[in-house]
Amino acid sequence: MRAKSNTNEAKPQFGFAAFGLSQKKDEDWFTAKSLMLDGKEIPTESGRLLINFVGPPGTIKTVPFHHVLKAARGDATTPRHSWKNATVLVGVTAYTYQDQHATAYSNQAAMWAIQYFTSSPRLDRMAGTEIQANIVATLQDRAFLIRPLGKLTTAVTLLLIGPLLGIGFARLSLGWGALLTILHHWLWKLLCLGLFSWLNWRVEIVSMLLMGVMLYGVTFGLRWRWIRGMMGMVKSEAVARALEADPSKLDLQGEEREISVLFCDVRSFTTYSEQHTPHEVVKLLNAYFGIIVPIIEEEGGIVNSYIGDGLMVMFGAPERRPDHAFRAARAAVRMVKAVYGLSQRWKELGAAEFRIGVGVHTGKVIVGTIGSKNRLDYTAIGDTVNTASRLESATKDAQTDILLSETTAAEISEQDRATLSDTWNPVGLKLKGKADKLKGDPISLWTGASALGSGSNDKPNQSIEI
């Protein structure tokens, strides 16, 4: 609006001066501390007037200068009457004079739309003379652009609409949330355009649009993180990582691989369940699983499924581990030791004779996603799984805590065997549901009695047919 001269005096800019002179304002009005019009202060931002453009370049009427000269000389053919009581600015509009400036209408897409829907020529820049004319028109029409709440307008609108969007995104699915983002984008633009057109309100568009996109992005990220975490808890963190790294594992073909499968079951659990309330049963199982599942995960196993009081665990899938047999055997030993070591805890829960049986078998299986396209499960399929389950059941008749198949024992080096148990006594097994005896010899590592001791003086079991 004004600038300071070399003598530190306030001097009006051209458009402001032209308006003031047309209104016959005196020098004091131009230099007053507060610029007043109709008894009200002219709204400015940091001393700058926001130009409320009448329209795109070429909207304000222009006439050739030689017509003005003819009219001044009394030429009756010129439309002098249309200039009566009008403020006329004389200047250049040709592009060749390089007095062209970008405005709010310089957006290429907007200019294309204006040209497409109207007969206006495509002008993306405005002549300096027309910009000055828009300044005069803004002051003349009192069409001041204002912020309804001043500098707080943007902050208040964000604080009002932001929580509503957040609640909407939290309650909607990601698909409906994306639709809400699109609706918010266009509705906010239309609202701002309406407020601008009807009330001359200046409301920020970009900040609100960015907030909508960012809120959706944050919701998407948090939702993904929650789903990712839930998948890791419900299935396995290892499975979640594997599927995340290679989504092709979600196909229904599977992959043949040698792994070790561990089955674990609580002894006499049916009797305990009959004598206790469901709440007490769940409390016991949660305490039990809370002890042994971390051991399994520390050894690199993944809990494939909870089968009541039992577990099916895979070692060597989805992550390949060359020592999966040793890891499975070591996990079994640690699990049994942990159970015996917490005898006082089981007494408190009403299960003084709490014991588990563990069976481990190593062999070829098909691992991968099994099921339908609408409901998948990452698991292992094959006789190896059945044999491991039978081994676990056989621990009861063998009166031992752990049974390893011959193939599992063969995968464990002599040095590693020594870390698991001092005695290795093969037994012949005729497992339930198996037509032939299990080839080789399963290993009985721990007996219920000896597990209470250190293990260094354990007596070997006798060979037994089951």
# chains A, B, ... in the order shown; residues from 1 in each chain; ligands from 1
>>> residues_around(residues="Ala127 of chain A", least_positions_apart="5", cutoff="6 Å", atoms="only C-alpha atoms", output="count of residues only")
3
>>> closest_residue(among="A:Thr44, A:Leu145, A:Gly91, A:Asn8", to="Ser197 of chain A", atoms="only C-alpha atoms")
A:Leu145
>>> select_by_dssp(residues="segment 148-370 of chain A", states="strand (DSSP E or B)", output="JSON, numbers by chain")
{"A": [201, 255, 256, 257, 258, 259, 260, 261, 262, 263, 264, 265, 266, 302, 303, 304, 305, 306, 307, 310, 311, 312, 313, 314, 315, 356, 357, 358, 359, 360, 361, 362, 363, 364, 365, 366, 367, 368, 369, 370]}
>>> atom_distance(atom1="atom CA of His279 of chain A", atom2="atom CA of Cys264 of chain A")
22.0 Å
>>> atom_distance(atom1="atom CA of Thr387 of chain A", atom2="atom CA of Ile412 of chain A")
18.6 Å
>>> closest_residue(among="A:Lys337, A:Arg2, A:Lys396, A:His184", to="Leu210 of chain A", atoms="only C-alpha atoms")
A:His184
>>> residues_around(residues="Gln140 of chain A", least_positions_apart="3", cutoff="10 Å", atoms="only C-alpha atoms", output="JSON, numbers by chain")
{"A": [19, 20, 22, 23, 87, 134, 135, 136, 137, 143, 144]}
>>> write_last_selection(atoms="C-alpha atoms", output="PDB file, in the first residue's frame")
ATOM      1  CA  PHE A  19      -7.775   5.296  -5.992  1.00  0.00           C
ATOM      2  CA  GLY A  20      -7.136   8.032  -3.404  1.00  0.00           C
ATOM      3  CA  SER A  22     -10.157   9.505  -7.670  1.00  0.00           C
ATOM      4  CA  GLN A  23     -11.820   9.822  -4.243  1.00  0.00           C
ATOM      5  CA  THR A  87     -11.156   5.607 -13.066  1.00  0.00           C
ATOM      6  CA  ASN A 134      -7.554  -4.594  -9.868  1.00  0.00           C
ATOM      7  CA  ILE A 135      -6.085  -2.810  -6.849  1.00  0.00           C
ATOM      8  CA  VAL A 136      -8.280   0.200  -7.580  1.00  0.00           C
ATOM      9  CA  ALA A 137     -11.304  -2.089  -8.124  1.00  0.00           C
ATOM     10  CA  ALA A 143     -14.252  -6.093  -1.851  1.00  0.00           C
ATOM     11  CA  PHE A 144     -11.551  -6.697   0.706  1.00  0.00           C
TER      12      PHE A 144
END
>>> select_by_dssp(residues="segment 10-251 of chain A", states="helix (DSSP H, G or I)", output="VMD selection string")
chain A and resid 14 to 22 27 to 31 65 to 72 80 to 83 95 to 97 108 to 117 128 to 140 150 to 171 174 to 199 206 to 234 237 to 245 247 to 250
>>> residues_around(residues="segment 159-169 of chain A", least_positions_apart="5", cutoff="9 Å", atoms="only C-alpha atoms", output="list in words")
Thr154, Leu174, Trp176, Gly177, Ala178, Leu180, Thr181, His184, Met208, Met211, Gly212, Leu215, Tyr216, Thr219 and Phe220 of chain A
>>> residues_around(residues="Pro56 of chain A", least_positions_apart="2", cutoff="7 Å", atoms="only C-alpha atoms", output="ChimeraX atom specification")
/A:58-59,105
>>> residues_around(residues="Phe196 of chain A", least_positions_apart="4", cutoff="12 Å", atoms="only C-alpha atoms", output="list of chain:residue names")
A:Asn52, A:Phe53, A:Ala143, A:Phe144, A:Leu145, A:Ile146, A:Arg147, A:Pro148, A:Lys189, A:Leu190, A:Leu191, A:Cys192, A:Asn200, A:Trp201, A:Arg202, A:Val203, A:Glu204, A:Ile205
>>> write_last_selection(atoms="N, CA and C atoms", output="mmCIF file, in the first residue's frame")
data_model
loop_
_atom_site.group_PDB
_atom_site.id
_atom_site.type_symbol
_atom_site.label_atom_id
_atom_site.label_comp_id
_atom_site.auth_asym_id
_atom_site.auth_seq_id
_atom_site.Cartn_x
_atom_site.Cartn_y
_atom_site.Cartn_z
ATOM 1 N N ASN A 52 -8.175 -8.551 -4.589
ATOM 2 C CA ASN A 52 -9.312 -9.391 -4.947
ATOM 3 C C ASN A 52 -9.541 -9.227 -6.455
ATOM 4 N N PHE A 53 -8.866 -10.057 -7.239
ATOM 5 C CA PHE A 53 -8.915 -9.903 -8.685
ATOM 6 C C PHE A 53 -10.342 -10.078 -9.206
ATOM 7 N N ALA A 143 -14.260 -4.625 -1.795
ATOM 8 C CA ALA A 143 -14.252 -6.093 -1.851
ATOM 9 C C ALA A 143 -12.968 -6.623 -1.234
ATOM 10 N N PHE A 144 -12.790 -6.324 0.039
ATOM 11 C CA PHE A 144 -11.551 -6.697 0.706
ATOM 12 C C PHE A 144 -11.544 -8.187 1.048
ATOM 13 N N LEU A 145 -10.394 -8.808 0.805
ATOM 14 C CA LEU A 145 -10.211 -10.190 1.220
ATOM 15 C C LEU A 145 -9.826 -10.184 2.691
ATOM 16 N N ILE A 146 -10.562 -10.927 3.492
ATOM 17 C CA ILE A 146 -10.308 -10.922 4.929
ATOM 18 C C ILE A 146 -10.228 -12.354 5.435
ATOM 19 N N ARG A 147 -9.556 -12.514 6.548
ATOM 20 C CA ARG A 147 -9.562 -13.770 7.276
ATOM 21 C C ARG A 147 -10.546 -13.611 8.421
ATOM 22 N N PRO A 148 -11.562 -14.454 8.481
ATOM 23 C CA PRO A 148 -12.611 -14.256 9.496
ATOM 24 C C PRO A 148 -12.088 -14.224 10.922
ATOM 25 N N LYS A 189 -12.250 -27.644 -0.989
ATOM 26 C CA LYS A 189 -11.988 -26.696 -2.078
ATOM 27 C C LYS A 189 -13.250 -25.918 -2.439
ATOM 28 N N LEU A 190 -14.367 -26.623 -2.574
ATOM 29 C CA LEU A 190 -15.623 -25.963 -2.921
ATOM 30 C C LEU A 190 -16.062 -24.999 -1.821
ATOM 31 N N LEU A 191 -15.883 -25.401 -0.557
ATOM 32 C CA LEU A 191 -16.250 -24.520 0.547
ATOM 33 C C LEU A 191 -15.416 -23.247 0.529
ATOM 34 N N CYS A 192 -14.109 -23.402 0.356
ATOM 35 C CA CYS A 192 -13.235 -22.221 0.325
ATOM 36 C C CYS A 192 -13.571 -21.324 -0.862
ATOM 37 N N ASN A 200 -15.977 -13.012 0.412
ATOM 38 C CA ASN A 200 -14.608 -12.486 0.311
ATOM 39 C C ASN A 200 -13.732 -12.947 1.476
ATOM 40 N N TRP A 201 -14.018 -14.154 1.968
ATOM 41 C CA TRP A 201 -13.199 -14.712 3.040
ATOM 42 C C TRP A 201 -12.013 -15.436 2.425
ATOM 43 N N ARG A 202 -10.870 -15.244 3.044
ATOM 44 C CA ARG A 202 -9.657 -15.940 2.618
ATOM 45 C C ARG A 202 -9.375 -17.040 3.619
ATOM 46 N N VAL A 203 -9.609 -18.282 3.217
ATOM 47 C CA VAL A 203 -9.380 -19.445 4.068
ATOM 48 C C VAL A 203 -8.349 -20.328 3.374
ATOM 49 N N GLU A 204 -7.337 -20.745 4.126
ATOM 50 C CA GLU A 204 -6.267 -21.554 3.548
ATOM 51 C C GLU A 204 -6.816 -22.880 3.010
ATOM 52 N N ILE A 205 -6.388 -23.236 1.817
ATOM 53 C CA ILE A 205 -6.804 -24.500 1.208
ATOM 54 C C ILE A 205 -5.746 -25.575 1.409
#
>>> residues_around(residues="Thr384 of chain A", least_positions_apart="3", cutoff="12 Å", atoms="only C-alpha atoms", output="PyMOL selection string")
chain A and resi 256-263+312+314+359-367+380-381+387-391+405+407-408+434+438
>>> write_last_selection(atoms="N, CA and C atoms", output="mmCIF file, in the first residue's frame")
data_model
loop_
_atom_site.group_PDB
_atom_site.id
_atom_site.type_symbol
_atom_site.label_atom_id
_atom_site.label_comp_id
_atom_site.auth_asym_id
_atom_site.auth_seq_id
_atom_site.Cartn_x
_atom_site.Cartn_y
_atom_site.Cartn_z
ATOM 1 N N GLU A 256 8.424 -77.832 -0.659
ATOM 2 C CA GLU A 256 8.934 -79.007 0.047
ATOM 3 C C GLU A 256 10.237 -78.636 0.756
ATOM 4 N N ARG A 257 10.290 -79.011 2.032
ATOM 5 C CA ARG A 257 11.466 -78.650 2.820
ATOM 6 C C ARG A 257 11.595 -79.613 3.994
ATOM 7 N N GLU A 258 12.834 -79.830 4.425
ATOM 8 C CA GLU A 258 13.068 -80.635 5.621
ATOM 9 C C GLU A 258 13.050 -79.731 6.838
ATOM 10 N N ILE A 259 12.212 -80.053 7.781
ATOM 11 C CA ILE A 259 12.111 -79.271 9.007
ATOM 12 C C ILE A 259 11.994 -80.229 10.186
ATOM 13 N N SER A 260 12.002 -79.676 11.361
ATOM 14 C CA SER A 260 11.735 -80.452 12.577
ATOM 15 C C SER A 260 10.430 -79.952 13.176
ATOM 16 N N VAL A 261 9.569 -80.890 13.514
ATOM 17 C CA VAL A 261 8.265 -80.559 14.070
ATOM 18 C C VAL A 261 8.215 -81.036 15.516
ATOM 19 N N LEU A 262 7.776 -80.150 16.389
ATOM 20 C CA LEU A 262 7.676 -80.443 17.821
ATOM 21 C C LEU A 262 6.217 -80.371 18.239
ATOM 22 N N PHE A 263 5.763 -81.406 18.929
ATOM 23 C CA PHE A 263 4.436 -81.404 19.550
ATOM 24 C C PHE A 263 4.612 -81.461 21.060
ATOM 25 N N MET A 312 1.772 -77.143 18.371
ATOM 26 C CA MET A 312 2.534 -77.657 17.239
ATOM 27 C C MET A 312 3.532 -76.575 16.853
ATOM 28 N N MET A 314 7.109 -75.467 14.550
ATOM 29 C CA MET A 314 7.974 -75.781 13.410
ATOM 30 C C MET A 314 9.340 -75.135 13.601
ATOM 31 N N GLY A 359 7.244 -84.414 21.801
ATOM 32 C CA GLY A 359 7.724 -85.287 20.740
ATOM 33 C C GLY A 359 8.291 -84.470 19.602
ATOM 34 N N VAL A 360 9.435 -84.902 19.048
ATOM 35 C CA VAL A 360 10.100 -84.166 17.970
ATOM 36 C C VAL A 360 10.457 -85.139 16.857
ATOM 37 N N HIS A 361 10.151 -84.755 15.638
ATOM 38 C CA HIS A 361 10.499 -85.582 14.483
ATOM 39 C C HIS A 361 10.990 -84.672 13.362
ATOM 40 N N THR A 362 11.954 -85.145 12.598
ATOM 41 C CA THR A 362 12.548 -84.388 11.495
ATOM 42 C C THR A 362 12.276 -85.126 10.191
ATOM 43 N N GLY A 363 11.877 -84.382 9.177
ATOM 44 C CA GLY A 363 11.615 -85.009 7.890
ATOM 45 C C GLY A 363 11.096 -84.012 6.880
ATOM 46 N N LYS A 364 10.746 -84.518 5.691
ATOM 47 C CA LYS A 364 10.247 -83.691 4.598
ATOM 48 C C LYS A 364 8.768 -83.362 4.813
ATOM 49 N N VAL A 365 8.423 -82.123 4.549
ATOM 50 C CA VAL A 365 7.026 -81.679 4.607
ATOM 51 C C VAL A 365 6.797 -80.675 3.484
ATOM 52 N N ILE A 366 5.557 -80.332 3.276
ATOM 53 C CA ILE A 366 5.200 -79.214 2.407
ATOM 54 C C ILE A 366 4.837 -78.055 3.326
ATOM 55 N N VAL A 367 5.591 -76.967 3.242
ATOM 56 C CA VAL A 367 5.312 -75.792 4.063
ATOM 57 C C VAL A 367 4.820 -74.676 3.157
ATOM 58 N N ALA A 380 2.514 -76.703 8.003
ATOM 59 C CA ALA A 380 3.271 -77.799 7.392
ATOM 60 C C ALA A 380 2.353 -79.001 7.239
ATOM 61 N N ILE A 381 2.467 -79.669 6.090
ATOM 62 C CA ILE A 381 1.649 -80.828 5.799
ATOM 63 C C ILE A 381 2.568 -81.986 5.420
ATOM 64 N N THR A 387 3.882 -88.055 12.553
ATOM 65 C CA THR A 387 4.821 -88.826 13.367
ATOM 66 C C THR A 387 5.215 -88.069 14.625
ATOM 67 N N ALA A 388 5.450 -86.769 14.501
ATOM 68 C CA ALA A 388 5.794 -85.959 15.678
ATOM 69 C C ALA A 388 4.669 -85.983 16.690
ATOM 70 N N SER A 389 3.431 -85.915 16.190
ATOM 71 C CA SER A 389 2.283 -85.957 17.090
ATOM 72 C C SER A 389 2.199 -87.310 17.802
ATOM 73 N N ARG A 390 2.462 -88.399 17.064
ATOM 74 C CA ARG A 390 2.434 -89.733 17.670
ATOM 75 C C ARG A 390 3.549 -89.888 18.702
ATOM 76 N N LEU A 391 4.702 -89.320 18.438
ATOM 77 C CA LEU A 391 5.805 -89.383 19.395
ATOM 78 C C LEU A 391 5.422 -88.703 20.705
ATOM 79 N N SER A 405 12.820 -88.606 17.475
ATOM 80 C CA SER A 405 12.901 -89.685 16.487
ATOM 81 C C SER A 405 14.357 -89.914 16.089
ATOM 82 N N THR A 407 15.599 -89.848 13.126
ATOM 83 C CA THR A 407 16.051 -88.853 12.138
ATOM 84 C C THR A 407 16.441 -87.546 12.811
ATOM 85 N N THR A 408 15.709 -87.191 13.853
ATOM 86 C CA THR A 408 16.080 -85.969 14.586
ATOM 87 C C THR A 408 17.419 -86.158 15.284
ATOM 88 N N LYS A 434 0.456 -96.124 12.907
ATOM 89 C CA LYS A 434 1.543 -96.380 11.959
ATOM 90 C C LYS A 434 1.638 -97.893 11.724
ATOM 91 N N LEU A 438 8.716 -97.515 13.741
ATOM 92 C CA LEU A 438 9.499 -96.357 13.351
ATOM 93 C C LEU A 438 10.928 -96.806 13.113
#
>>> closest_residue(among="A:Arg125, A:Lys84, A:Arg320, A:Lys283", to="Thr103 of chain A", atoms="only C-alpha atoms")
A:Arg125
>>> decode(residues="segment 263-366 of chain A", atoms="C-alpha atoms", output="mmCIF file, in the first residue's frame")
data_model
loop_
_atom_site.group_PDB
_atom_site.id
_atom_site.type_symbol
_atom_site.label_atom_id
_atom_site.label_comp_id
_atom_site.auth_asym_id
_atom_site.auth_seq_id
_atom_site.Cartn_x
_atom_site.Cartn_y
_atom_site.Cartn_z
ATOM 1 C CA PHE A 263 4.436 -81.404 19.550
ATOM 2 C CA CYS A 264 3.873 -80.637 23.200
ATOM 3 C CA ASP A 265 0.929 -81.606 25.404
ATOM 4 C CA VAL A 266 -0.061 -81.262 29.062
ATOM 5 C CA ARG A 267 -0.442 -84.536 30.952
ATOM 6 C CA SER A 268 -3.817 -85.330 32.536
ATOM 7 C CA PHE A 269 -5.229 -82.036 31.395
ATOM 8 C CA THR A 270 -8.714 -83.466 30.870
ATOM 9 C CA THR A 271 -8.879 -84.431 34.539
ATOM 10 C CA TYR A 272 -7.748 -80.975 35.590
ATOM 11 C CA SER A 273 -10.355 -79.345 33.348
ATOM 12 C CA GLU A 274 -13.136 -81.444 34.866
ATOM 13 C CA GLN A 275 -12.176 -80.392 38.390
ATOM 14 C CA HIS A 276 -11.686 -76.673 37.776
ATOM 15 C CA THR A 277 -13.673 -73.783 36.355
ATOM 16 C CA PRO A 278 -13.036 -72.579 32.784
ATOM 17 C CA HIS A 279 -11.550 -69.391 34.202
ATOM 18 C CA GLU A 280 -9.024 -71.389 36.236
ATOM 19 C CA VAL A 281 -8.204 -73.558 33.226
ATOM 20 C CA VAL A 282 -7.518 -70.510 31.060
ATOM 21 C CA LYS A 283 -5.395 -68.959 33.814
ATOM 22 C CA LEU A 284 -3.269 -72.127 34.025
ATOM 23 C CA LEU A 285 -2.823 -72.347 30.247
ATOM 24 C CA ASN A 286 -1.849 -68.688 29.951
ATOM 25 C CA ALA A 287 0.733 -69.099 32.703
ATOM 26 C CA TYR A 288 2.073 -72.239 31.002
ATOM 27 C CA PHE A 289 2.199 -70.786 27.491
ATOM 28 C CA GLY A 290 3.727 -67.590 28.865
ATOM 29 C CA ILE A 291 6.696 -69.693 30.037
ATOM 30 C CA ILE A 292 7.313 -72.052 27.130
ATOM 31 C CA VAL A 293 6.440 -69.922 24.070
ATOM 32 C CA PRO A 294 9.308 -67.453 24.680
ATOM 33 C CA ILE A 295 11.671 -70.453 24.934
ATOM 34 C CA ILE A 296 10.404 -71.756 21.597
ATOM 35 C CA GLU A 297 10.853 -68.367 19.924
ATOM 36 C CA GLU A 298 14.338 -67.956 21.397
ATOM 37 C CA GLU A 299 15.300 -71.240 19.733
ATOM 38 C CA GLY A 300 13.966 -70.072 16.376
ATOM 39 C CA GLY A 301 10.756 -72.096 16.384
ATOM 40 C CA ILE A 302 7.350 -70.780 15.425
ATOM 41 C CA VAL A 303 4.159 -71.853 17.134
ATOM 42 C CA ASN A 304 2.132 -73.128 14.212
ATOM 43 C CA SER A 305 -1.037 -73.763 16.197
ATOM 44 C CA TYR A 306 -2.518 -74.064 19.671
ATOM 45 C CA ILE A 307 -4.464 -77.297 20.002
ATOM 46 C CA GLY A 308 -6.255 -76.881 23.319
ATOM 47 C CA ASP A 309 -3.515 -77.500 25.850
ATOM 48 C CA GLY A 310 -1.097 -78.627 23.139
ATOM 49 C CA LEU A 311 1.251 -76.931 20.711
ATOM 50 C CA MET A 312 2.534 -77.657 17.239
ATOM 51 C CA VAL A 313 5.873 -75.956 16.589
ATOM 52 C CA MET A 314 7.974 -75.781 13.410
ATOM 53 C CA PHE A 315 11.757 -75.375 13.289
ATOM 54 C CA GLY A 316 13.357 -74.547 9.941
ATOM 55 C CA ALA A 317 10.391 -72.741 8.394
ATOM 56 C CA PRO A 318 9.678 -70.167 7.187
ATOM 57 C CA GLU A 319 13.279 -69.144 7.923
ATOM 58 C CA ARG A 320 15.795 -71.784 6.871
ATOM 59 C CA ARG A 321 17.931 -73.042 9.755
ATOM 60 C CA PRO A 322 20.490 -75.793 9.102
ATOM 61 C CA ASP A 323 20.512 -76.735 12.808
ATOM 62 C CA HIS A 324 16.715 -76.954 13.137
ATOM 63 C CA ALA A 325 16.860 -80.481 14.658
ATOM 64 C CA PHE A 326 19.243 -79.407 17.419
ATOM 65 C CA ARG A 327 17.203 -76.260 18.082
ATOM 66 C CA ALA A 328 14.010 -78.322 18.396
ATOM 67 C CA ALA A 329 15.662 -80.796 20.798
ATOM 68 C CA ARG A 330 17.181 -78.025 22.883
ATOM 69 C CA ALA A 331 13.836 -76.233 23.031
ATOM 70 C CA ALA A 332 12.209 -79.465 24.255
ATOM 71 C CA VAL A 333 14.788 -79.859 27.028
ATOM 72 C CA ARG A 334 14.448 -76.228 28.103
ATOM 73 C CA MET A 335 10.653 -76.482 28.116
ATOM 74 C CA VAL A 336 10.670 -79.553 30.376
ATOM 75 C CA LYS A 337 13.200 -77.966 32.728
ATOM 76 C CA ALA A 338 11.119 -74.786 32.896
ATOM 77 C CA VAL A 339 7.984 -76.729 33.800
ATOM 78 C CA TYR A 340 9.719 -78.704 36.567
ATOM 79 C CA GLY A 341 11.399 -75.577 37.829
ATOM 80 C CA LEU A 342 8.056 -73.861 38.439
ATOM 81 C CA SER A 343 6.431 -76.565 40.534
ATOM 82 C CA GLN A 344 5.446 -74.033 43.208
ATOM 83 C CA ARG A 345 3.628 -71.929 40.626
ATOM 84 C CA TRP A 346 1.621 -74.921 39.429
ATOM 85 C CA LYS A 347 0.655 -75.784 43.011
ATOM 86 C CA GLU A 348 -0.707 -72.259 43.421
ATOM 87 C CA LEU A 349 -2.835 -72.820 40.340
ATOM 88 C CA GLY A 350 -4.171 -76.144 41.613
ATOM 89 C CA ALA A 351 -2.006 -78.350 39.364
ATOM 90 C CA ALA A 352 0.629 -79.792 41.688
ATOM 91 C CA GLU A 353 1.425 -82.675 39.324
ATOM 92 C CA PHE A 354 1.701 -80.453 36.254
ATOM 93 C CA ARG A 355 3.757 -82.286 33.586
ATOM 94 C CA ILE A 356 4.214 -82.088 29.825
ATOM 95 C CA GLY A 357 5.182 -84.508 27.088
ATOM 96 C CA VAL A 358 7.212 -83.468 24.030
ATOM 97 C CA GLY A 359 7.724 -85.287 20.740
ATOM 98 C CA VAL A 360 10.100 -84.166 17.970
ATOM 99 C CA HIS A 361 10.499 -85.582 14.483
ATOM 100 C CA THR A 362 12.548 -84.388 11.495
ATOM 101 C CA GLY A 363 11.615 -85.009 7.890
ATOM 102 C CA LYS A 364 10.247 -83.691 4.598
ATOM 103 C CA VAL A 365 7.026 -81.679 4.607
ATOM 104 C CA ILE A 366 5.200 -79.214 2.407
#
